[in-house]
$ cat run12.pdb   # PDB, C-alpha atoms
ATOM      1  CA  MET A   1     -16.500   3.621   5.811
ATOM      2  CA  VAL A   2     -15.710   0.712   3.465
ATOM      3  CA  SER A   3     -12.143   0.104   2.343
ATOM      4  CA  ILE A   4     -11.129  -0.997  -1.158
ATOM      5  CA  TYR A   5      -9.551  -3.933   0.669
ATOM      6  CA  ALA A   6     -13.026  -5.481   0.765
ATOM      7  CA  LEU A   7     -12.645  -6.241  -2.960
ATOM      8  CA  LYS A   8      -9.550  -8.364  -2.360
ATOM      9  CA  GLY A   9     -11.367 -11.691  -2.688
ATOM     10  CA  ARG A  10     -12.643 -10.950  -6.183
ATOM     11  CA  PHE A  11      -9.244  -9.613  -7.224
ATOM     12  CA  GLN A  12      -7.580 -12.819  -6.028
ATOM     13  CA  ASN A  13      -9.973 -14.961  -8.054
ATOM     14  CA  LEU A  14      -8.898 -13.153 -11.209
ATOM     15  CA  LEU A  15      -5.234 -13.718 -10.375
ATOM     16  CA  ARG A  16      -5.474 -17.399  -9.434
ATOM     17  CA  PRO A  17      -4.457 -18.735 -12.904
ATOM     18  CA  VAL A  18      -1.398 -16.454 -12.899
ATOM     19  CA  VAL A  19      -0.441 -17.587  -9.399
ATOM     20  CA  GLY A  20      -0.618 -21.221 -10.465
ATOM     21  CA  ALA A  21       1.600 -20.532 -13.461
ATOM     22  CA  LEU A  22       4.176 -18.729 -11.300
ATOM     23  CA  TYR A  23       4.270 -21.624  -8.850
ATOM     24  CA  ARG A  24       4.848 -24.108 -11.651
ATOM     25  CA  ALA A  25       7.663 -21.867 -12.908
ATOM     26  CA  GLY A  26       9.357 -22.039  -9.511
ATOM     27  CA  VAL A  27       8.671 -18.458  -8.411
ATOM     28  CA  SER A  28       8.546 -18.062  -4.625
ATOM     29  CA  ALA A  29       6.343 -15.765  -2.567
ATOM     30  CA  ASN A  30       9.359 -14.076  -0.985
ATOM     31  CA  SER A  31      10.940 -13.315  -4.356
ATOM     32  CA  VAL A  32       7.722 -11.611  -5.485
ATOM     33  CA  THR A  33       7.622  -9.569  -2.264
ATOM     34  CA  VAL A  34      11.212  -8.368  -2.582
ATOM     35  CA  ALA A  35      10.928  -7.688  -6.321
ATOM     36  CA  ALA A  36       7.820  -5.558  -5.786
ATOM     37  CA  ALA A  37       9.616  -3.494  -3.143
ATOM     38  CA  LEU A  38      12.696  -2.945  -5.294
ATOM     39  CA  VAL A  39      10.635  -1.872  -8.306
ATOM     40  CA  SER A  40       8.644   0.466  -6.035
ATOM     41  CA  LEU A  41      11.875   2.169  -4.996
ATOM     42  CA  LEU A  42      12.918   2.477  -8.641
ATOM     43  CA  VAL A  43       9.553   3.926  -9.710
ATOM     44  CA  ALA A  44       9.625   6.375  -6.802
ATOM     45  CA  ALA A  45      13.139   7.528  -7.708
ATOM     46  CA  LEU A  46      12.228   8.015 -11.374
ATOM     47  CA  VAL A  47       9.069   9.971 -10.538
ATOM     48  CA  TRP A  48      10.894  12.141  -8.000
ATOM     49  CA  ARG A  49      13.796  12.888 -10.336
ATOM     50  CA  TYR A  50      12.209  13.234 -13.754
ATOM     51  CA  ALA A  51       8.424  13.697 -13.525
ATOM     52  CA  PRO A  52       8.488  17.448 -12.740
ATOM     53  CA  SER A  53      10.111  18.107 -16.128
ATOM     54  CA  GLN A  54       8.305  15.228 -17.889
ATOM     55  CA  PRO A  55       4.812  15.135 -16.340
ATOM     56  CA  LEU A  56       3.687  12.052 -18.238
ATOM     57  CA  LEU A  57       6.005  10.079 -15.961
ATOM     58  CA  TYR A  58       3.483  10.644 -13.175
ATOM     59  CA  LEU A  59       1.452   7.962 -14.945
ATOM     60  CA  ALA A  60       4.007   5.495 -13.598
ATOM     61  CA  LEU A  61       2.324   5.902 -10.205
ATOM     62  CA  PRO A  62      -1.158   4.581 -11.106
ATOM     63  CA  LEU A  63       0.260   1.917 -13.421
ATOM     64  CA  TRP A  64       2.668   0.625 -10.821
ATOM     65  CA  MET A  65       0.165   0.941  -7.963
ATOM     66  CA  LEU A  66      -2.227  -1.350  -9.840
ATOM     67  CA  LEU A  67       0.466  -3.861 -10.717
ATOM     68  CA  ARG A  68       1.856  -3.736  -7.190
ATOM     69  CA  MET A  69      -1.554  -4.505  -5.706
ATOM     70  CA  ALA A  70      -1.646  -7.539  -7.978
ATOM     71  CA  LEU A  71       1.822  -8.610  -6.844
ATOM     72  CA  ASN A  72       0.860  -8.130  -3.190
ATOM     73  CA  ALA A  73      -2.066 -10.473  -3.747
ATOM     74  CA  VAL A  74       0.116 -12.911  -5.678
ATOM     75  CA  ASP A  75       2.762 -13.280  -2.965
ATOM     76  CA  GLY A  76       0.089 -13.910  -0.351
ATOM     77  CA  MET A  77      -1.641 -16.515  -2.496
ATOM     78  CA  LEU A  78       1.651 -18.268  -3.260
ATOM     79  CA  ALA A  79       2.393 -18.405   0.457
ATOM     80  CA  ARG A  80      -1.021 -19.624   1.597
ATOM     81  CA  GLU A  81      -2.098 -21.871  -1.235
ATOM     82  CA  PHE A  82       1.233 -23.489  -2.087
ATOM     83  CA  GLY A  83       2.787 -24.024   1.322
ATOM     84  CA  GLN A  84       5.308 -21.184   1.150
ATOM     85  CA  GLN A  85       4.393 -19.436   4.405
ATOM     86  CA  SER A  86       7.407 -18.677   6.583
ATOM     87  CA  ALA A  87       8.519 -16.419   9.419
ATOM     88  CA  LEU A  88      10.868 -14.616   7.028
ATOM     89  CA  GLY A  89       8.024 -14.116   4.586
ATOM     90  CA  ALA A  90       5.900 -12.483   7.295
ATOM     91  CA  TYR A  91       8.677 -10.024   8.087
ATOM     92  CA  LEU A  92       9.370  -9.292   4.424
ATOM     93  CA  ASN A  93       5.702  -8.763   3.623
ATOM     94  CA  GLU A  94       5.204  -6.093   6.279
ATOM     95  CA  LEU A  95       8.582  -4.352   6.073
ATOM     96  CA  CYS A  96       8.754  -4.215   2.277
ATOM     97  CA  ASP A  97       5.241  -2.779   2.086
ATOM     98  CA  VAL A  98       5.975   0.018   4.566
ATOM     99  CA  VAL A  99       9.247   0.994   2.851
ATOM    100  CA  ALA A 100       7.744   0.853  -0.646
ATOM    101  CA  ASP A 101       4.652   2.837   0.370
ATOM    102  CA  ALA A 102       6.745   5.583   1.959
ATOM    103  CA  ALA A 103       8.992   5.853  -1.090
ATOM    104  CA  LEU A 104       6.063   6.135  -3.501
ATOM    105  CA  TYR A 105       4.314   8.805  -1.417
ATOM    106  CA  LEU A 106       7.523  10.774  -0.961
ATOM    107  CA  SER A 107       8.193  10.734  -4.702
ATOM    108  CA  LEU A 108       5.686  13.617  -4.801
ATOM    109  CA  LEU A 109       8.113  15.790  -2.831
ATOM    110  CA  SER A 110       9.430  17.013  -6.178
ATOM    111  CA  VAL A 111       6.047  18.409  -7.256
ATOM    112  CA  PRO A 112       6.531  22.200  -7.341
ATOM    113  CA  GLY A 113       4.595  23.685  -4.444
ATOM    114  CA  ALA A 114       4.025  20.400  -2.634
ATOM    115  CA  GLN A 115       4.343  20.737   1.131
ATOM    116  CA  ALA A 116       6.993  18.326   2.413
ATOM    117  CA  ALA A 117       5.507  18.299   5.916
ATOM    118  CA  TRP A 118       2.210  16.807   4.727
ATOM    119  CA  LEU A 119       3.906  14.123   2.635
ATOM    120  CA  TRP A 120       6.181  13.122   5.495
ATOM    121  CA  LEU A 121       3.174  13.053   7.831
ATOM    122  CA  LEU A 122       1.364  10.781   5.380
ATOM    123  CA  ALA A 123       4.337   8.420   5.179
ATOM    124  CA  TRP A 124       4.553   8.311   8.989
ATOM    125  CA  ALA A 125       0.811   7.938   9.580
ATOM    126  CA  ALA A 126       0.553   5.189   6.964
ATOM    127  CA  ALA A 127       3.431   3.256   8.546
ATOM    128  CA  VAL A 128       2.005   3.568  12.060
ATOM    129  CA  SER A 129      -1.479   2.540  10.935
ATOM    130  CA  GLU A 130      -0.004  -0.605   9.348
ATOM    131  CA  TYR A 131       1.913  -1.267  12.565
ATOM    132  CA  ALA A 132      -1.336  -0.978  14.480
ATOM    133  CA  GLY A 133      -2.828  -3.562  12.140
ATOM    134  CA  VAL A 134       0.047  -5.983  12.768
ATOM    135  CA  LEU A 135      -0.192  -5.502  16.532
ATOM    136  CA  GLY A 136      -3.585  -7.197  16.442
ATOM    137  CA  LEU A 137      -1.710 -10.501  16.268
ATOM    138  CA  MET A 138       0.126  -9.692  19.512
ATOM    139  CA  VAL A 139      -3.071  -9.256  21.532
ATOM    140  CA  GLY A 140      -4.867 -12.342  20.261
ATOM    141  CA  ALA A 141      -6.747 -10.699  17.389
ATOM    142  CA  SER A 142      -6.283 -11.025  13.631
ATOM    143  CA  ARG A 143      -4.080  -8.819  11.482
ATOM    144  CA  ARG A 144      -6.377  -5.800  11.056
ATOM    145  CA  TYR A 145      -6.895  -4.346   7.573
ATOM    146  CA  ASP A 146      -9.725  -1.939   8.421
ATOM    147  CA  GLY A 147     -10.165   1.332   6.515
ATOM    148  CA  PRO A 148     -11.008   4.055   5.780
ATOM    149  CA  MET A 149      -7.429   4.622   4.576
ATOM    150  CA  GLY A 150      -5.755   1.244   4.259
ATOM    151  CA  LYS A 151      -3.005   0.348   1.846
ATOM    152  CA  SER A 152      -5.336  -0.225  -1.114
ATOM    153  CA  ASP A 153      -7.175   3.039  -0.469
ATOM    154  CA  ARG A 154      -3.909   4.973  -0.330
ATOM    155  CA  ALA A 155      -2.750   3.338  -3.559
ATOM    156  CA  PHE A 156      -5.972   4.417  -5.275
ATOM    157  CA  VAL A 157      -5.680   8.043  -4.166
ATOM    158  CA  ILE A 158      -1.974   8.351  -5.016
ATOM    159  CA  GLY A 159      -2.592   6.664  -8.362
ATOM    160  CA  LEU A 160      -5.411   9.094  -9.147
ATOM    161  CA  ALA A 161      -3.145  11.986  -8.164
ATOM    162  CA  GLY A 162      -0.574  10.646 -10.614
ATOM    163  CA  VAL A 163      -3.119  10.665 -13.430
ATOM    164  CA  LEU A 164      -4.159  14.235 -12.642
ATOM    165  CA  LEU A 165      -0.555  15.437 -12.315
ATOM    166  CA  ALA A 166       0.312  13.859 -15.666
ATOM    167  CA  GLY A 167      -2.410  15.925 -17.303
ATOM    168  CA  SER A 168      -1.541  19.074 -15.315
ATOM    169  CA  TRP A 169      -5.041  18.919 -13.834
ATOM    170  CA  LEU A 170      -4.006  18.938 -10.183
ATOM    171  CA  ALA A 171      -2.689  22.088  -8.543
ATOM    172  CA  ALA A 172      -0.114  21.735  -5.788
ATOM    173  CA  SER A 173      -2.464  23.491  -3.370
ATOM    174  CA  VAL A 174      -5.111  20.826  -3.986
ATOM    175  CA  LEU A 175      -2.525  18.058  -3.722
ATOM    176  CA  ASN A 176      -1.528  19.404  -0.306
ATOM    177  CA  VAL A 177      -5.131  19.260   0.874
ATOM    178  CA  VAL A 178      -5.539  15.715  -0.447
ATOM    179  CA  VAL A 179      -2.335  14.508   1.224
ATOM    180  CA  ALA A 180      -3.297  16.181   4.512
ATOM    181  CA  ALA A 181      -6.709  14.505   4.357
ATOM    182  CA  MET A 182      -5.070  11.145   3.652
ATOM    183  CA  ALA A 183      -2.808  11.580   6.673
ATOM    184  CA  GLY A 184      -5.812  12.405   8.852
ATOM    185  CA  LEU A 185      -7.700   9.356   7.588
ATOM    186  CA  CYS A 186      -4.632   7.198   8.264
ATOM    187  CA  LEU A 187      -4.732   8.336  11.879
ATOM    188  CA  TRP A 188      -8.442   7.522  12.006
ATOM    189  CA  THR A 189      -7.593   4.109  10.543
ATOM    190  CA  LEU A 190      -4.967   3.625  13.254
ATOM    191  CA  VAL A 191      -7.490   4.319  16.013
ATOM    192  CA  LYS A 192     -10.085   2.082  14.384
ATOM    193  CA  ARG A 193      -7.657  -0.825  14.029
ATOM    194  CA  VAL A 194      -6.630  -0.557  17.667
ATOM    195  CA  ARG A 195     -10.237  -0.338  18.837
ATOM    196  CA  LEU A 196     -11.464  -3.254  16.727
ATOM    197  CA  GLY A 197      -8.387  -5.314  17.525
ATOM    198  CA  LEU A 198      -8.997  -4.889  21.250
ATOM    199  CA  ALA A 199     -12.661  -5.758  20.808
ATOM    200  CA  GLU A 200     -11.773  -8.879  18.817
ATOM    201  CA  ALA A 201      -9.212  -9.953  21.409
ATOM    202  CA  ALA A 202     -11.691  -9.409  24.246
ATOM    203  CA  ALA A 203     -14.348 -11.403  22.418
ATOM    204  CA  GLY A 204     -11.871 -14.227  21.853
ATOM    205  CA  ALA A 205     -10.872 -14.231  25.520
ATOM    206  CA  GLY A 206     -14.524 -14.303  26.540
ATOM    207  CA  GLN A 207     -15.211 -17.338  24.361
ATOM    208  CA  GLY A 208     -12.125 -19.072  25.742
TER     209      GLY A 208
END
$ encode --input "run12.pdb" --output "C-alpha cells"
Amino acid sequence: MVSIYALKGRFQNLLRPVVGALYRAGVSANSVTVAAALVSLLVAALVWRYAPSQPLLYLALPLWMLLRMALNAVDGMLAREFGQQSALGAYLNELCDVVADAALYLSLLSVPGAQAAWLWLLAWAAAVSEYAGVLGLMVGASRRYDGPMGKSDRAFVIGLAGVLLAGSWLAASVLNVVVAAMAGLCLWTLVKRVRLGLAEAAAGAGQG
C-alpha cells in the first residue's frame, strides 16, 4: 500500500520559495518545530472543548492538519538546506510530532458516542509506529517512513473526519470503526517498518 508520504517531494518543491523567505527572515528550523507543536496543542484543546457544541470548529482539524504538514516540511528543509541540522533538532522533530499527533487524535474524545478506548489505542499505536521508524537508525538502516498508516496518512483521515463532523455527516459509530481501522493499520505499519528496517540493515551489512 502506498503512503501519502510518497508525495512529499512535490510538496517540498511548492514550499521552497517560502522556506527561502523564512531563512532570510531569520526563522530557525527548531522554532518552526516547536511552534507547530504548540499550535497543535491549542487546536486540539479548542476542538475538544468547544466543537461538540459548535460543530464547525471541527474544520480546524483539516485546516490545521494541512498547514502542519507544510510546517513539518518547512522545518526539515530549513534544517537540511540551510545548515540548521542539530542533535536538539532531531529530538524536537520526533518528540513534538508524537505529542502533537496524540493531542489532535484525542481531541475527538469529546465527540458524543466516541469510544475512548479506540482513540487511546490510535494514539498509542501511532506513537509506537513512529518509534519503530526511528529505530531504523539504531540498526544501521534509514529512518523508516513506510505506510500504510504513516503520519501524513493519519493526518488525511483525521482531517476528513473533521470535515464530516463539521457537517454532521459522520456518526459516532462510524467514527469508532474508522479510528479502530486506523489503529490496526498503524500496527501493520509498525511491523512493516521493523521488517523493512531489518532488511535494509542486513543489506547494508552484506555490502560492507
$ closest_atom_pairs --input "run12.pdb" --of "region 182-202 of chain A" --to "region 121-133 of chain A" --cutoff "7 Å" --atoms "all atoms listed in the file" --output "tab-separated table"
residue	atom	partner	partner_atom	distance
A:Met182	CA	A:Leu122	CA	6.7
A:Ala183	CA	A:Leu122	CA	4.4
A:Cys186	CA	A:Ala125	CA	5.6
A:Leu187	CA	A:Ala125	CA	6.0
A:Thr189	CA	A:Ser129	CA	6.3
A:Leu190	CA	A:Ser129	CA	4.3
A:Arg193	CA	A:Gly133	CA	5.9
A:Val194	CA	A:Ala132	CA	6.2
$ write_last_selection --input "run12.pdb" --atoms "C-alpha atoms" --output "tab-separated table (two decimals), in the frame of the given file"
chain	number	residue	atom	x	y	z
A	182	MET	CA	-5.07	11.14	3.65
A	183	ALA	CA	-2.81	11.58	6.67
A	186	CYS	CA	-4.63	7.20	8.26
A	187	LEU	CA	-4.73	8.34	11.88
A	189	THR	CA	-7.59	4.11	10.54
A	190	LEU	CA	-4.97	3.62	13.25
A	193	ARG	CA	-7.66	-0.82	14.03
A	194	VAL	CA	-6.63	-0.56	17.67
$ closest_residue --input "run12.pdb" --among "A:Leu14, A:Ala70, A:Leu59, A:Leu46" --to "Thr33 (chain A)" --atoms "only C-alpha atoms"
A:Ala70
$ resolve_selection --input "run12.pdb" --expression "the PyMOL selection byres ((chain A and resi 140) around 12)" --output "ChimeraX atom specification"
/A:134-139,141-144,196-206,208
$ residues_around --input "run12.pdb" --residues "Ser110 (chain A)" --least-positions-apart "3" --cutoff "8 Å" --atoms "all atoms listed in the file" --output "list in words"
Trp48, Arg49, Pro52, Ser107 and Ala114 of chain A
$ residues_around --input "run12.pdb" --residues "Ala181 (chain A)" --least-positions-apart "4" --cutoff "12 Å" --atoms "only C-alpha atoms" --output "list in words"
Trp118, Leu119, Leu121, Leu122, Ala125, Pro148, Met149, Arg154, Val157, Val174, Leu175, Asn176, Val177, Leu185, Cys186, Leu187 and Trp188 of chain A
$ write_last_selection --input "run12.pdb" --atoms "C-alpha atoms" --output "PDB file, in the coordinates of the input"
ATOM      1  CA  TRP A 118       2.210  16.807   4.727  1.00  0.00           C
ATOM      2  CA  LEU A 119       3.906  14.123   2.635  1.00  0.00           C
ATOM      3  CA  LEU A 121       3.174  13.053   7.831  1.00  0.00           C
ATOM      4  CA  LEU A 122       1.364  10.781   5.380  1.00  0.00           C
ATOM      5  CA  ALA A 125       0.811   7.938   9.580  1.00  0.00           C
ATOM      6  CA  PRO A 148     -11.008   4.055   5.780  1.00  0.00           C
ATOM      7  CA  MET A 149      -7.429   4.622   4.576  1.00  0.00           C
ATOM      8  CA  ARG A 154      -3.909   4.973  -0.330  1.00  0.00           C
ATOM      9  CA  VAL A 157      -5.680   8.043  -4.166  1.00  0.00           C
ATOM     10  CA  VAL A 174      -5.111  20.826  -3.986  1.00  0.00           C
ATOM     11  CA  LEU A 175      -2.525  18.058  -3.722  1.00  0.00           C
ATOM     12  CA  ASN A 176      -1.528  19.404  -0.306  1.00  0.00           C
ATOM     13  CA  VAL A 177      -5.131  19.260   0.874  1.00  0.00           C
ATOM     14  CA  LEU A 185      -7.700   9.356   7.588  1.00  0.00           C
ATOM     15  CA  CYS A 186      -4.632   7.198   8.264  1.00  0.00           C
ATOM     16  CA  LEU A 187      -4.732   8.336  11.879  1.00  0.00           C
ATOM     17  CA  TRP A 188      -8.442   7.522  12.006  1.00  0.00           C
TER      18      TRP A 188
END
$ resolve_selection --input "run12.pdb" --expression "the PyMOL selection byres ((chain A and resi 40-43) around 10)" --output "ChimeraX atom specification"
/A:34-39,44-49,57-58,60-61,64-65,68,96-97,99-104,107
$ atom_distance --input "run12.pdb" --atom1 "CA of Lys151 (chain A)" --atom2 "CA of Ser53 (chain A)"
28.5 Å
$ resolve_selection --input "run12.pdb" --expression "the PyMOL selection byres ((chain A and resi 19) around 10)" --output "CSV table (one decimal) with C-alpha atoms, in the coordinates of the input"
chain,number,residue,atom,x,y,z
A,12,GLN,CA,-7.6,-12.8,-6.0
A,13,ASN,CA,-10.0,-15.0,-8.1
A,14,LEU,CA,-8.9,-13.2,-11.2
A,15,LEU,CA,-5.2,-13.7,-10.4
A,16,ARG,CA,-5.5,-17.4,-9.4
A,17,PRO,CA,-4.5,-18.7,-12.9
A,18,VAL,CA,-1.4,-16.5,-12.9
A,20,GLY,CA,-0.6,-21.2,-10.5
A,21,ALA,CA,1.6,-20.5,-13.5
A,22,LEU,CA,4.2,-18.7,-11.3
A,23,TYR,CA,4.3,-21.6,-8.8
A,24,ARG,CA,4.8,-24.1,-11.7
A,25,ALA,CA,7.7,-21.9,-12.9
A,27,VAL,CA,8.7,-18.5,-8.4
A,29,ALA,CA,6.3,-15.8,-2.6
A,71,LEU,CA,1.8,-8.6,-6.8
A,73,ALA,CA,-2.1,-10.5,-3.7
A,74,VAL,CA,0.1,-12.9,-5.7
A,75,ASP,CA,2.8,-13.3,-3.0
A,76,GLY,CA,0.1,-13.9,-0.4
A,77,MET,CA,-1.6,-16.5,-2.5
A,78,LEU,CA,1.7,-18.3,-3.3
A,81,GLU,CA,-2.1,-21.9,-1.2
A,82,PHE,CA,1.2,-23.5,-2.1
$ atom_distance --input "run12.pdb" --atom1 "CA of Asp146 (chain A)" --atom2 "CA of Ser31 (chain A)"
26.8 Å
$ atom_distance --input "run12.pdb" --atom1 "CA of Pro62 (chain A)" --atom2 "CA of Leu109 (chain A)"
16.7 Å
$ closest_residue --input "run12.pdb" --among "A:Leu56, A:Ala155, A:Gln84, A:Val32" --to "Asn72 (chain A)" --atoms "only C-alpha atoms"
A:Val32
$ axis_aligned_box --input "run12.pdb" --around "region 164-181 of chain A" --padding-each-side "6 Å" --output "JSON"
{"center_x": -3.2, "center_y": 18.7, "center_z": -6.4, "size_x": 19.0, "size_y": 21.6, "size_z": 33.8}
$ decode --input "run12.pdb" --residues "region 49-149 of chain A" --atoms "C-alpha atoms" --output "PDB file, in the first residue's frame"
ATOM      1  CA  ARG A  49     -13.710  21.844  24.481  1.00  0.00           C
ATOM      2  CA  TYR A  50     -15.926  23.680  22.023  1.00  0.00           C
ATOM      3  CA  ALA A  51     -16.523  21.641  18.848  1.00  0.00           C
ATOM      4  CA  PRO A  52     -19.289  19.404  20.276  1.00  0.00           C
ATOM      5  CA  SER A  53     -21.479  22.483  20.795  1.00  0.00           C
ATOM      6  CA  GLN A  54     -20.113  24.340  17.740  1.00  0.00           C
ATOM      7  CA  PRO A  55     -19.523  21.638  15.101  1.00  0.00           C
ATOM      8  CA  LEU A  56     -17.996  23.991  12.550  1.00  0.00           C
ATOM      9  CA  LEU A  57     -14.934  24.084  14.800  1.00  0.00           C
ATOM     10  CA  TYR A  58     -14.173  20.547  13.639  1.00  0.00           C
ATOM     11  CA  LEU A  59     -12.997  22.227  10.437  1.00  0.00           C
ATOM     12  CA  ALA A  60      -9.981  23.372  12.444  1.00  0.00           C
ATOM     13  CA  LEU A  61      -8.697  19.794  12.189  1.00  0.00           C
ATOM     14  CA  PRO A  62      -8.345  19.560   8.380  1.00  0.00           C
ATOM     15  CA  LEU A  63      -7.175  23.167   8.091  1.00  0.00           C
ATOM     16  CA  TRP A  64      -4.514  22.748  10.731  1.00  0.00           C
ATOM     17  CA  MET A  65      -3.502  19.272   9.536  1.00  0.00           C
ATOM     18  CA  LEU A  66      -2.745  20.706   6.091  1.00  0.00           C
ATOM     19  CA  LEU A  67      -0.843  23.675   7.468  1.00  0.00           C
ATOM     20  CA  ARG A  68       1.014  21.460   9.924  1.00  0.00           C
ATOM     21  CA  MET A  69       2.150  19.143   7.139  1.00  0.00           C
ATOM     22  CA  ALA A  70       3.528  22.219   5.402  1.00  0.00           C
ATOM     23  CA  LEU A  71       5.326  23.316   8.568  1.00  0.00           C
ATOM     24  CA  ASN A  72       6.746  19.818   9.067  1.00  0.00           C
ATOM     25  CA  ALA A  73       8.192  20.005   5.569  1.00  0.00           C
ATOM     26  CA  VAL A  74       9.438  23.546   6.158  1.00  0.00           C
ATOM     27  CA  ASP A  75      11.394  22.736   9.322  1.00  0.00           C
ATOM     28  CA  GLY A  76      13.067  19.793   7.614  1.00  0.00           C
ATOM     29  CA  MET A  77      14.007  21.865   4.580  1.00  0.00           C
ATOM     30  CA  LEU A  78      15.376  24.675   6.754  1.00  0.00           C
ATOM     31  CA  ALA A  79      17.498  22.142   8.616  1.00  0.00           C
ATOM     32  CA  ARG A  80      18.837  20.291   5.580  1.00  0.00           C
ATOM     33  CA  GLU A  81      19.170  23.030   3.007  1.00  0.00           C
ATOM     34  CA  PHE A  82      20.382  25.866   5.227  1.00  0.00           C
ATOM     35  CA  GLY A  83      22.750  24.106   7.596  1.00  0.00           C
ATOM     36  CA  GLN A  84      20.468  24.095  10.636  1.00  0.00           C
ATOM     37  CA  GLN A  85      20.608  20.373  11.419  1.00  0.00           C
ATOM     38  CA  SER A  86      21.361  19.648  15.067  1.00  0.00           C
ATOM     39  CA  ALA A  87      21.023  16.916  17.676  1.00  0.00           C
ATOM     40  CA  LEU A  88      18.446  19.027  19.514  1.00  0.00           C
ATOM     41  CA  GLY A  89      16.501  19.480  16.302  1.00  0.00           C
ATOM     42  CA  ALA A  90      16.350  15.708  15.786  1.00  0.00           C
ATOM     43  CA  TYR A  91      14.916  15.220  19.263  1.00  0.00           C
ATOM     44  CA  LEU A  92      12.440  18.075  18.879  1.00  0.00           C
ATOM     45  CA  ASN A  93      11.259  16.867  15.485  1.00  0.00           C
ATOM     46  CA  GLU A  94      10.340  13.393  16.714  1.00  0.00           C
ATOM     47  CA  LEU A  95       9.044  14.266  20.185  1.00  0.00           C
ATOM     48  CA  CYS A  96       6.959  17.259  19.114  1.00  0.00           C
ATOM     49  CA  ASP A  97       5.340  15.242  16.329  1.00  0.00           C
ATOM     50  CA  VAL A  98       4.328  12.388  18.641  1.00  0.00           C
ATOM     51  CA  VAL A  99       2.882  14.735  21.287  1.00  0.00           C
ATOM     52  CA  ALA A 100       1.046  16.883  18.734  1.00  0.00           C
ATOM     53  CA  ASP A 101      -0.370  13.862  16.892  1.00  0.00           C
ATOM     54  CA  ALA A 102      -1.690  12.324  20.106  1.00  0.00           C
ATOM     55  CA  ALA A 103      -3.320  15.580  21.181  1.00  0.00           C
ATOM     56  CA  LEU A 104      -5.071  16.067  17.839  1.00  0.00           C
ATOM     57  CA  TYR A 105      -6.395  12.494  17.758  1.00  0.00           C
ATOM     58  CA  LEU A 106      -7.553  12.674  21.365  1.00  0.00           C
ATOM     59  CA  SER A 107      -9.417  15.919  20.705  1.00  0.00           C
ATOM     60  CA  LEU A 108     -12.129  13.634  19.281  1.00  0.00           C
ATOM     61  CA  LEU A 109     -12.734  12.195  22.752  1.00  0.00           C
ATOM     62  CA  SER A 110     -15.409  14.858  23.178  1.00  0.00           C
ATOM     63  CA  VAL A 111     -17.446  13.612  20.203  1.00  0.00           C
ATOM     64  CA  PRO A 112     -20.664  12.224  21.729  1.00  0.00           C
ATOM     65  CA  GLY A 113     -20.574   8.452  21.400  1.00  0.00           C
ATOM     66  CA  ALA A 114     -16.891   8.226  20.522  1.00  0.00           C
ATOM     67  CA  GLN A 115     -15.181   5.264  22.161  1.00  0.00           C
ATOM     68  CA  ALA A 116     -12.240   6.475  24.248  1.00  0.00           C
ATOM     69  CA  ALA A 117     -10.512   3.089  24.077  1.00  0.00           C
ATOM     70  CA  TRP A 118     -10.150   3.236  20.288  1.00  0.00           C
ATOM     71  CA  LEU A 119      -8.822   6.798  20.315  1.00  0.00           C
ATOM     72  CA  TRP A 120      -6.284   5.990  23.009  1.00  0.00           C
ATOM     73  CA  LEU A 121      -5.261   2.872  21.075  1.00  0.00           C
ATOM     74  CA  LEU A 122      -4.771   5.002  17.966  1.00  0.00           C
ATOM     75  CA  ALA A 123      -2.619   7.498  19.863  1.00  0.00           C
ATOM     76  CA  TRP A 124      -0.515   4.650  21.293  1.00  0.00           C
ATOM     77  CA  ALA A 125      -0.211   2.715  18.030  1.00  0.00           C
ATOM     78  CA  ALA A 126       0.732   5.863  16.114  1.00  0.00           C
ATOM     79  CA  ALA A 127       3.445   6.729  18.647  1.00  0.00           C
ATOM     80  CA  VAL A 128       4.894   3.211  18.633  1.00  0.00           C
ATOM     81  CA  SER A 129       4.881   3.023  14.836  1.00  0.00           C
ATOM     82  CA  GLU A 130       6.845   6.295  14.698  1.00  0.00           C
ATOM     83  CA  TYR A 131       9.251   4.900  17.290  1.00  0.00           C
ATOM     84  CA  ALA A 132       9.730   1.849  15.105  1.00  0.00           C
ATOM     85  CA  GLY A 133      10.570   4.169  12.225  1.00  0.00           C
ATOM     86  CA  VAL A 134      13.198   5.997  14.293  1.00  0.00           C
ATOM     87  CA  LEU A 135      14.737   2.728  15.475  1.00  0.00           C
ATOM     88  CA  GLY A 136      15.838   2.060  11.907  1.00  0.00           C
ATOM     89  CA  LEU A 137      18.709   4.468  12.551  1.00  0.00           C
ATOM     90  CA  MET A 138      19.876   2.370  15.515  1.00  0.00           C
ATOM     91  CA  VAL A 139      20.289  -0.804  13.454  1.00  0.00           C
ATOM     92  CA  GLY A 140      22.088   0.765  10.511  1.00  0.00           C
ATOM     93  CA  ALA A 141      19.033   1.474   8.356  1.00  0.00           C
ATOM     94  CA  SER A 142      17.384   4.768   7.423  1.00  0.00           C
ATOM     95  CA  ARG A 143      14.578   6.448   9.331  1.00  0.00           C
ATOM     96  CA  ARG A 144      11.599   4.452   8.025  1.00  0.00           C
ATOM     97  CA  TYR A 145       8.500   6.319   6.830  1.00  0.00           C
ATOM     98  CA  ASP A 146       6.660   3.359   5.291  1.00  0.00           C
ATOM     99  CA  GLY A 147       2.851   3.223   5.229  1.00  0.00           C
ATOM    100  CA  PRO A 148       0.085   2.235   5.034  1.00  0.00           C
ATOM    101  CA  MET A 149      -0.719   4.496   8.005  1.00  0.00           C
TER     102      MET A 149
END
